[in-house]
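Q: upload36.cif is reproduced below (mmCIF, C-alpha atoms and all ligand atoms).
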```cif
data_final
#
loop_
_atom_site.label_atom_id
_atom_site.label_comp_id
_atom_site.auth_asym_id
_atom_site.auth_seq_id
_atom_site.Cartn_x
_atom_site.Cartn_y
_atom_site.Cartn_z
CA MET B 1 232.84 79.84 155.42
CA ASP B 2 233.84 82.39 158.04
CA ARG B 3 232.55 85.75 156.86
CA ASN B 4 235.79 87.43 157.83
CA ASN B 5 237.65 85.21 155.39
CA GLU B 6 235.39 86.13 152.49
CA HIS B 7 237.17 87.67 149.51
CA ARG B 8 236.61 91.40 149.23
CA CYS B 9 236.65 93.78 146.28
CA GLY B 10 235.69 97.40 145.94
CA TRP B 11 236.36 100.87 144.60
CA VAL B 12 237.92 103.61 146.71
CA ALA B 13 238.10 107.28 145.64
CA LEU B 14 241.13 109.32 146.67
CA MET B 15 239.80 112.83 147.13
CA GLY B 16 241.27 116.04 148.48
CA PRO B 17 242.63 119.50 147.82
CA PRO B 18 245.35 119.91 145.16
CA ASN B 19 248.89 118.98 146.23
CA ALA B 20 247.77 117.00 149.31
CA GLY B 21 249.66 113.91 148.14
CA LYS B 22 246.84 111.79 146.65
CA SER B 23 248.93 110.50 143.77
CA THR B 24 251.94 109.88 146.01
CA LEU B 25 249.67 107.90 148.32
CA LEU B 26 248.25 105.84 145.45
CA ASN B 27 251.77 104.94 144.28
CA ALA B 28 252.77 104.07 147.87
CA LEU B 29 249.74 101.80 148.28
CA LEU B 30 250.51 100.00 145.03
CA GLY B 31 254.27 99.90 145.57
CA GLN B 32 254.61 101.08 141.98
CA LYS B 33 254.15 104.33 140.15
CA VAL B 34 250.98 104.71 138.12
CA SER B 35 250.12 108.34 138.80
CA ILE B 36 252.45 111.27 138.22
CA VAL B 37 253.58 113.46 141.12
CA THR B 38 254.95 116.99 141.08
CA SER B 39 255.41 119.77 143.60
CA LYS B 40 252.83 121.85 141.71
CA PRO B 41 249.09 121.81 142.43
CA GLN B 42 246.69 120.39 139.83
CA THR B 43 249.06 117.83 138.44
CA THR B 44 246.48 115.06 138.08
CA ARG B 45 243.99 115.91 135.33
CA SER B 46 241.81 112.82 135.10
CA ARG B 47 240.81 109.78 137.04
CA ILE B 48 243.74 107.35 137.32
CA VAL B 49 242.79 103.85 138.34
CA GLY B 50 245.31 101.89 140.40
CA ILE B 51 244.59 98.27 141.32
CA MET B 52 245.88 96.73 144.56
CA SER B 53 245.59 92.95 144.68
CA GLU B 54 246.33 91.34 148.04
CA PRO B 55 245.63 87.83 149.24
CA GLY B 56 241.92 87.94 150.06
CA ALA B 57 241.12 91.36 148.64
CA GLN B 58 241.31 93.62 145.62
CA VAL B 59 241.00 97.35 146.10
CA ILE B 60 240.56 99.53 143.03
CA PHE B 61 241.68 103.07 143.79
CA MET B 62 240.66 106.10 141.81
CA ASP B 63 243.18 108.93 142.03
CA THR B 64 241.45 112.19 141.17
CA PRO B 65 242.28 115.82 140.34
CA GLY B 66 242.39 117.98 143.46
CA VAL B 67 239.13 119.68 144.31
CA SER B 68 239.40 123.27 145.33
CA HIS B 69 237.24 126.23 146.17
CA LEU B 70 239.72 128.31 144.18
CA ARG B 71 239.53 128.94 140.50
CA LEU B 72 243.10 127.84 139.91
CA GLN B 73 244.59 127.29 136.50
CA PRO B 74 243.83 125.56 134.20
CA ARG B 75 240.60 127.26 133.33
CA GLY B 76 237.85 126.55 130.85
CA HIS B 77 236.71 123.18 129.68
CA LEU B 78 239.73 121.29 131.00
CA ALA B 79 239.07 122.64 134.51
CA LYS B 80 235.43 121.62 134.25
CA MET B 81 236.36 118.13 133.18
CA MET B 82 238.93 117.81 135.95
CA SER B 83 236.38 118.75 138.54
CA GLN B 84 233.72 116.42 137.06
CA SER B 85 236.19 113.58 136.98
CA ALA B 86 236.84 113.95 140.72
CA TRP B 87 233.19 114.16 141.75
CA GLN B 88 232.12 111.32 139.46
CA SER B 89 234.85 109.12 140.89
CA MET B 90 233.61 109.84 144.37
CA ALA B 91 230.05 109.00 143.37
CA ALA B 92 231.19 105.64 141.98
CA ALA B 93 233.17 104.54 145.04
CA HIS B 94 232.32 102.05 147.79
CA ALA B 95 234.53 103.97 150.22
CA VAL B 96 236.12 107.42 150.22
CA MET B 97 239.58 108.40 151.31
CA LEU B 98 240.05 112.10 151.93
CA VAL B 99 243.71 113.10 151.78
CA LEU B 100 244.91 116.25 153.54
CA ASP B 101 248.33 117.86 153.93
CA ALA B 102 248.62 117.88 157.75
CA ASP B 103 251.82 119.91 157.68
CA LEU B 104 250.13 122.68 155.69
CA TYR B 105 247.34 123.11 158.24
CA LEU B 106 249.78 123.14 161.16
CA ARG B 107 251.49 126.05 159.46
CA ARG B 108 248.40 127.71 157.96
CA GLU B 109 245.45 126.84 160.15
CA GLU B 110 243.25 129.33 158.31
CA PHE B 111 243.37 127.24 155.12
CA LEU B 112 241.79 124.16 156.67
CA GLU B 113 238.12 125.09 156.64
CA ARG B 114 238.35 126.62 153.18
CA ASP B 115 240.07 123.55 151.70
CA VAL B 116 237.84 120.98 153.38
CA GLN B 117 234.51 122.75 152.85
CA PRO B 118 233.63 121.37 149.38
CA LEU B 119 234.29 117.81 150.60
CA ARG B 120 232.44 118.32 153.85
CA ASP B 121 229.41 119.51 151.92
CA ALA B 122 229.61 116.62 149.48
CA LEU B 123 229.96 114.01 152.23
CA ALA B 124 227.43 115.47 154.66
CA GLU B 125 224.63 112.98 153.93
CA ASP B 126 226.97 110.15 153.01
CA ASP B 127 227.07 106.86 154.86
CA ARG B 128 229.87 105.12 153.00
CA PRO B 129 233.07 104.22 154.85
CA LEU B 130 235.35 107.27 155.08
CA ILE B 131 239.03 107.59 155.96
CA VAL B 132 240.57 111.01 156.48
CA VAL B 133 244.32 110.69 155.84
CA LEU B 134 246.54 113.31 157.46
CA ASN B 135 249.50 113.13 155.13
CA LYS B 136 253.08 114.47 155.25
CA ILE B 137 253.67 113.76 158.95
CA ASP B 138 257.37 113.31 158.14
CA LEU B 139 257.58 117.10 157.95
CA PHE B 140 257.18 117.73 161.70
CA HIS B 141 258.57 115.98 164.77
CA ASP B 142 256.10 116.74 167.53
CA LYS B 143 253.10 114.63 166.52
CA ALA B 144 251.06 116.03 169.45
CA ARG B 145 250.79 119.25 167.46
CA MET B 146 248.19 117.43 165.36
CA LEU B 147 245.71 117.14 168.24
CA PRO B 148 243.65 120.29 167.53
CA LEU B 149 243.55 119.33 163.85
CA LEU B 150 242.37 115.81 164.69
CA THR B 151 239.70 117.17 167.03
CA GLN B 152 238.41 119.57 164.39
CA LEU B 153 238.32 116.93 161.68
CA GLN B 154 236.56 114.42 163.91
CA GLU B 155 233.91 117.06 164.60
CA TRP B 156 233.41 117.71 160.90
CA PHE B 157 233.58 114.02 159.93
CA PRO B 158 232.18 112.16 162.94
CA ARG B 159 232.04 108.81 161.13
CA ALA B 160 235.53 108.97 159.72
CA GLU B 161 238.62 107.03 160.69
CA LEU B 162 241.42 109.59 161.02
CA PHE B 163 244.73 108.25 159.79
CA PRO B 164 248.03 110.19 160.09
CA LEU B 165 250.77 108.90 157.76
CA SER B 166 253.52 109.80 155.35
CA ALA B 167 252.97 108.73 151.75
CA LEU B 168 256.54 109.81 150.98
CA THR B 169 258.35 107.74 153.62
CA ARG B 170 255.58 105.08 153.56
CA ASP B 171 255.21 105.37 157.33
CA GLY B 172 251.72 103.94 158.07
CA ILE B 173 251.04 102.53 154.60
CA ARG B 174 250.84 98.89 155.69
CA GLU B 175 248.32 99.72 158.42
CA LEU B 176 246.27 101.82 156.01
CA LYS B 177 246.11 98.93 153.54
CA GLY B 178 244.67 96.73 156.28
CA LEU B 179 242.07 99.33 157.16
CA ILE B 180 240.95 99.84 153.56
CA THR B 181 240.68 96.19 152.63
CA GLY B 182 238.28 95.79 155.56
CA MET B 183 236.12 98.60 154.21
CA VAL B 184 235.35 97.27 150.75
CA PRO B 185 232.44 94.87 150.33
CA PRO B 186 232.69 91.10 149.87
CA GLY B 187 233.11 90.14 146.24
CA ALA B 188 235.34 88.53 143.65
CA SER B 189 238.25 90.41 142.04
CA GLN B 190 237.28 92.48 139.02
CA PHE B 191 240.74 92.58 137.43
CA PRO B 192 243.55 90.05 136.99
CA ASP B 193 245.89 90.07 140.00
CA ASP B 194 248.83 91.34 137.96
CA GLN B 195 246.97 94.28 136.41
CA LEU B 196 248.12 97.56 137.96
CA SER B 197 245.97 100.12 136.17
CA THR B 198 243.27 100.51 133.56
CA ALA B 199 245.22 103.29 131.86
CA PRO B 200 246.79 102.34 128.51
CA THR B 201 250.62 102.31 128.48
CA ARG B 202 250.61 105.12 125.89
CA PHE B 203 248.64 107.33 128.26
CA LEU B 204 251.04 106.56 131.13
CA ALA B 205 253.98 107.43 128.88
CA ALA B 206 252.37 110.76 127.94
CA GLU B 207 251.81 111.44 131.64
CA ILE B 208 255.49 110.80 132.37
CA VAL B 209 256.46 113.42 129.79
CA ARG B 210 253.94 115.83 131.33
CA GLU B 211 255.43 115.20 134.78
CA LYS B 212 258.85 116.31 133.54
CA VAL B 213 257.33 119.36 131.84
CA PHE B 214 255.62 120.30 135.13
CA GLU B 215 258.87 119.87 137.05
CA LYS B 216 261.02 121.88 134.66
CA LEU B 217 258.72 124.83 133.95
CA ARG B 218 257.35 127.54 136.12
CA GLN B 219 254.33 129.72 136.75
CA GLU B 220 251.54 129.31 134.22
CA VAL B 221 253.57 127.46 131.59
CA PRO B 222 252.95 123.88 132.83
CA TYR B 223 249.22 124.56 132.92
CA SER B 224 249.27 125.57 129.28
CA THR B 225 250.79 122.23 128.23
CA ALA B 226 249.40 118.87 127.20
CA VAL B 227 251.22 115.81 125.89
CA ASP B 228 250.09 113.51 123.10
CA ILE B 229 251.77 110.34 121.87
CA GLU B 230 251.70 110.61 118.08
CA SER B 231 253.29 107.28 117.26
CA TRP B 232 254.55 104.20 119.05
CA GLN B 233 256.56 101.59 117.20
CA GLU B 234 258.04 98.48 118.67
CA ASP B 235 260.98 96.98 116.82
CA GLU B 236 261.29 93.52 118.28
CA ASP B 237 264.47 92.67 116.36
CA ARG B 238 266.32 95.67 117.78
CA GLY B 239 264.50 95.48 121.13
CA MET B 240 263.62 99.14 120.85
CA THR B 241 260.39 101.14 121.09
CA THR B 242 260.35 104.41 119.18
CA ILE B 243 257.92 106.93 120.60
CA HIS B 244 257.02 110.28 119.07
CA ALA B 245 255.40 112.64 121.56
CA VAL B 246 254.13 116.18 121.08
CA ILE B 247 254.10 118.75 123.84
CA PHE B 248 251.31 121.19 123.06
CA VAL B 249 251.61 124.72 124.42
CA ALA B 250 249.18 127.61 124.26
CA ARG B 251 251.57 130.36 123.15
CA PRO B 252 254.76 130.79 121.08
CA SER B 253 256.50 132.28 124.14
CA HIS B 254 255.73 129.07 126.02
CA LYS B 255 257.18 127.02 123.19
CA ALA B 256 260.47 128.89 123.60
CA MET B 257 260.44 128.16 127.33
CA VAL B 258 259.75 124.45 126.90
CA ILE B 259 262.62 124.23 124.41
CA GLY B 260 264.92 126.34 126.58
CA ARG B 261 268.22 127.97 125.75
CA SER B 262 269.90 125.97 122.97
CA GLY B 263 267.30 123.27 123.57
CA ALA B 264 268.57 122.54 127.09
CA THR B 265 265.15 122.25 128.75
CA ILE B 266 263.55 119.91 126.25
CA LYS B 267 266.71 117.83 126.21
CA GLN B 268 266.48 117.35 129.97
CA ILE B 269 262.74 116.56 129.76
CA GLY B 270 263.56 113.95 127.13
CA ILE B 271 266.37 112.33 129.15
CA GLU B 272 264.28 112.01 132.30
CA ALA B 273 261.07 110.93 130.55
CA ARG B 274 262.92 108.32 128.50
CA ARG B 275 264.46 106.84 131.64
CA ASP B 276 261.05 106.52 133.33
CA ILE B 277 259.27 105.19 130.23
CA GLN B 278 261.98 102.54 129.88
CA GLU B 279 261.25 101.49 133.42
CA LEU B 280 257.50 101.47 132.70
CA ILE B 281 257.72 99.22 129.67
CA GLY B 282 260.82 97.29 130.70
CA GLY B 283 262.70 97.88 127.47
CA LYS B 284 264.79 100.36 125.50
CA VAL B 285 263.10 103.52 124.26
CA ASN B 286 263.93 106.07 121.62
CA LEU B 287 261.88 109.12 122.63
CA GLN B 288 261.43 111.96 120.17
CA LEU B 289 259.79 115.13 121.46
CA TRP B 290 258.23 117.99 119.53
CA VAL B 291 256.69 121.21 120.78
CA LYS B 292 253.67 122.60 118.97
CA VAL B 293 251.64 125.74 119.61
CA LYS B 294 247.92 125.16 119.78
CA ASP B 295 246.12 127.99 121.44
CA ASN B 296 242.96 127.14 123.29
CA TRP B 297 243.63 123.39 123.35
CA ALA B 298 242.11 123.34 126.83
CA GLU B 299 238.76 124.34 125.29
CA ASP B 300 238.90 121.78 122.48
CA VAL B 301 236.63 118.96 123.60
CA GLU B 302 237.72 116.64 120.81
CA MET B 303 241.38 117.14 121.57
CA LEU B 304 240.80 116.59 125.31
CA HIS B 305 239.05 113.38 124.40
CA ASP B 306 242.01 112.28 122.25
CA LEU B 307 244.35 113.03 125.14
CA GLY B 308 242.38 110.60 127.27
CA LEU B 309 241.11 113.35 129.52
CA GLU B 310 237.42 113.11 128.93
CA GLU B 311 235.34 111.55 131.64
CA ASP B 312 233.66 108.39 130.48
CA SER B 313 230.94 108.68 133.15
N1 LIG X 401 257.20 115.56 152.76
C1 LIG X 401 256.20 114.92 152.12
N2 LIG X 401 255.85 115.31 150.88
C2 LIG X 401 254.84 114.64 150.28
C3 LIG X 401 254.16 113.56 150.90
N3 LIG X 401 253.21 113.13 150.04
C4 LIG X 401 253.31 113.90 148.94
N4 LIG X 401 254.30 114.81 149.08
C5 LIG X 401 254.72 115.83 148.10
O1 LIG X 401 253.63 116.69 147.87
C6 LIG X 401 253.65 117.15 146.50
C7 LIG X 401 252.31 116.85 145.84
O2 LIG X 401 252.14 115.44 145.74
P1 LIG X 401 251.07 114.80 144.75
O3 LIG X 401 251.03 113.35 145.07
O4 LIG X 401 251.37 115.20 143.35
O5 LIG X 401 249.76 115.52 145.26
P2 LIG X 401 248.26 115.39 144.66
O6 LIG X 401 247.33 115.49 145.81
O7 LIG X 401 248.15 114.20 143.79
O8 LIG X 401 248.17 116.73 143.80
P3 LIG X 401 247.20 117.07 142.53
O9 LIG X 401 247.28 115.95 141.55
O10 LIG X 401 247.83 118.31 142.00
O11 LIG X 401 245.84 117.30 143.09
C8 LIG X 401 254.82 116.45 145.85
O12 LIG X 401 255.93 117.33 145.87
C9 LIG X 401 255.06 115.26 146.74
O13 LIG X 401 256.40 114.79 146.73
C10 LIG X 401 254.57 113.18 152.21
O14 LIG X 401 254.06 112.26 152.85
N5 LIG X 401 255.59 113.90 152.76
MG MG X 402 247.71 114.01 141.83
#
```
Here is the file; what I need is its structure written in the form of structure tokens.
Ligand SMILES: Nc1nc2c(ncn2[C@@H]2O[C@H](COP(=O)(O)OP(=O)(O)OP(=O)(O)O)[C@@H](O)[C@H]2O)c(=O)[nH]1
Ligand SMILES: [Mg+2]

A:
Amino acid sequence: MDRNNEHRCGWVALMGPPNAGKSTLLNALLGQKVSIVTSKPQTTRSRIVGIMSEPGAQVIFMDTPGVSHLRLQPRGHLAKMMSQSAWQSMAAAHAVMLVLDADLYLRREEFLERDVQPLRDALAEDDRPLIVVLNKIDLFHDKARMLPLLTQLQEWFPRAELFPLSALTRDGIRELKGLITGMVPPGASQFPDDQLSTAPTRFLAAEIVREKVFEKLRQEVPYSTAVDIESWQEDEDRGMTTIHAVIFVARPSHKAMVIGRSGATIKQIGIEARRDIQELIGGKVNLQLWVKVKDNWAEDVEMLHDLGLEEDS
């Protein structure tokens, strides 16, 4: 058999600073949404596995929490677990994809070195295949402006393939898929071809609610929230799934903000989350949301475990 026609399968870690577009890129690669996306940094809190099955290859992506030199919120044990989850995913990968917001560094050149430093250090002695994605190129017209950035990155990552694209408009996604499938080792598929993620549907539903909370709330409030699915009941006769979800907040003042004036905010969260969960499970959903105050939940190891956030290493 021609070696080039051998089936390939491998794990690829999506790494990068917060808000670079890692989760958007994962969803674009899969053509379906498995990882939540918001305009706020530190949206992804744990490793999210997305499986891409193509004729001749299966690539298993690990979306990770953004790694940063900054001590951004959330703090404490949750922050530690987020960081561990990213670095452990990278350690487990056959190939690494570093995702950067090219538009940000064209505007704020001074942020580049600071943002890339932790990953440069971690990859210094590494000989695995590496792609550096320059994302968000839809945000500027003159692509030649990227030249100094490309030169700098090639100097820091001499082995890397540099790949400008837009995860949002999907410009470059097809070419990137081709590049990645060539980088994973020969091997049989590890998951059924129609499996999209290893995350349980309940977890994905909780993430959808969290995405809406992140979108609707400002400043530190989203970082003080977590979402747990308390019950999930499928009524086959009525064709309806009834889901009870709790939004945990750290303070009573945050509870008031999540609920909003006359309940307007939580109502909107519920409408949008229900719509997306219906799409996820392909059926009708009755979504009931509650808000509970639980201070210090981000330090509660057992609760983080129950929320599916603990790293399984
Ligand atoms: N214009 C533009 N925006 C993008 C692109 N990719 C991502 N974004 C936006 O960038 C923001 C962050 O995207 P995410 O995919 O959540 O970023 P992330 O790297 O997963 O962020 P964390 O999970 O917080 O580390 C969102 O508002 C996205 O819509 C892109 O190619 N172009
Ligand atoms: Mg993310």

Q: So that each row is one residue of chain B with an atom at most 6 Å from ligand LIG 401 (chain X), can you give its shortest atom pair and the distance in Å to one decimal, using only C-alpha atoms and all ligand atoms, rows by chain and rising number, as CSV?

A:
```
residue,atom,partner,partner_atom,distance
B:Pro18,CA,X:LIG401,O11,3.4
B:Asn19,CA,X:LIG401,O8,3.4
B:Ala20,CA,X:LIG401,O6,3.8
B:Gly21,CA,X:LIG401,O5,3.3
B:Lys22,CA,X:LIG401,O6,3.8
B:Ser23,CA,X:LIG401,O3,3.8
B:Thr24,CA,X:LIG401,O3,3.7
B:Val37,CA,X:LIG401,O4,3.6
B:Thr38,CA,X:LIG401,O4,4.6
B:Ser39,CA,X:LIG401,O12,3.4
B:Pro41,CA,X:LIG401,O10,3.7
B:Gln42,CA,X:LIG401,O10,3.2
B:Thr43,CA,X:LIG401,O10,3.8
B:Thr44,CA,X:LIG401,O9,3.7
B:Pro65,CA,X:LIG401,O11,4.7
B:Gly66,CA,X:LIG401,O11,3.5
B:Asn135,CA,X:LIG401,O14,5.2
B:Lys136,CA,X:LIG401,O14,3.4
B:Asp138,CA,X:LIG401,N5,5.7
B:Leu139,CA,X:LIG401,N1,5.4
B:Ser166,CA,X:LIG401,O14,3.5
B:Ala167,CA,X:LIG401,O14,3.9
B:Leu168,CA,X:LIG401,O14,4.0
```

Q: Provide the CA of Met81 in chain B to CA of Ser46 in chain B distance in Å, to one decimal place.

A: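 Between CA of Met81 in chain B and CA of Ser46 in chain B the gap works out to 7.8 Å.
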
Q: Would you please work out which residue, of B:Val99, B:Arg275, B:Leu204, B:Leu217, is nearest to Ile259 in chain B when using all atoms listed in the file?

A: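 With all atoms listed in the file as the atom set, the closest residue is B:Leu217.
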
Q: Could you check the closest approach to Val301 in chain B for each of B:Leu78, B:Ala28, B:Leu123, B:Ile36 and tell me which residue wins, using all atoms listed in the file?

A: B:Leu78

Q: Taking all atoms listed in the file into account, which of B:Gln154, B:Gln88, B:Gln219, B:Asn27 comes nearest ligand MG 402 (chain X)?

A: B:Asn27

Q: Tell me, as an MDAnalysis selection string, which residues lie within 12 Å of Lys216 in chain B, counting all atoms listed in the file; anything in the same chain fewer than 2 positions away does not count.

A: chainID B and resid 38:40 209:214 218:219 221:222 257:260 264:270 272:273

Q: Do a neighbour search on Ser189 in chain B at 12 Å with all atoms listed in the file, toss out local chain neighbours closer than 4 positions, and write the hits as a PyMOL selection string.

A: chain B and resi 6-11+51-60+184-185+193-195

Q: Given the selection you just returned, output its residues as a file containing C-alpha atoms, formatted as a PDB file, in the coordinates of the input.

A:
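That gives us part_23.pdb:
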```pdb
ATOM      1  CA  GLU B   6     235.390  86.130 152.490  1.00  0.00           C
ATOM      2  CA  HIS B   7     237.170  87.670 149.510  1.00  0.00           C
ATOM      3  CA  ARG B   8     236.610  91.400 149.230  1.00  0.00           C
ATOM      4  CA  CYS B   9     236.650  93.780 146.280  1.00  0.00           C
ATOM      5  CA  GLY B  10     235.690  97.400 145.940  1.00  0.00           C
ATOM      6  CA  TRP B  11     236.360 100.870 144.600  1.00  0.00           C
ATOM      7  CA  ILE B  51     244.590  98.270 141.320  1.00  0.00           C
ATOM      8  CA  MET B  52     245.880  96.730 144.560  1.00  0.00           C
ATOM      9  CA  SER B  53     245.590  92.950 144.680  1.00  0.00           C
ATOM     10  CA  GLU B  54     246.330  91.340 148.040  1.00  0.00           C
ATOM     11  CA  PRO B  55     245.630  87.830 149.240  1.00  0.00           C
ATOM     12  CA  GLY B  56     241.920  87.940 150.060  1.00  0.00           C
ATOM     13  CA  ALA B  57     241.120  91.360 148.640  1.00  0.00           C
ATOM     14  CA  GLN B  58     241.310  93.620 145.620  1.00  0.00           C
ATOM     15  CA  VAL B  59     241.000  97.350 146.100  1.00  0.00           C
ATOM     16  CA  ILE B  60     240.560  99.530 143.030  1.00  0.00           C
ATOM     17  CA  VAL B 184     235.350  97.270 150.750  1.00  0.00           C
ATOM     18  CA  PRO B 185     232.440  94.870 150.330  1.00  0.00           C
ATOM     19  CA  ASP B 193     245.890  90.070 140.000  1.00  0.00           C
ATOM     20  CA  ASP B 194     248.830  91.340 137.960  1.00  0.00           C
ATOM     21  CA  GLN B 195     246.970  94.280 136.410  1.00  0.00           C
TER      22      GLN B 195
END
```

Q: When you count only C-alpha atoms and all ligand atoms, which of these residues is closest to ligand MG 402 (chain X): B:Leu30, B:Ala86, B:Leu153, B:Ala199?

A: B:Ala86
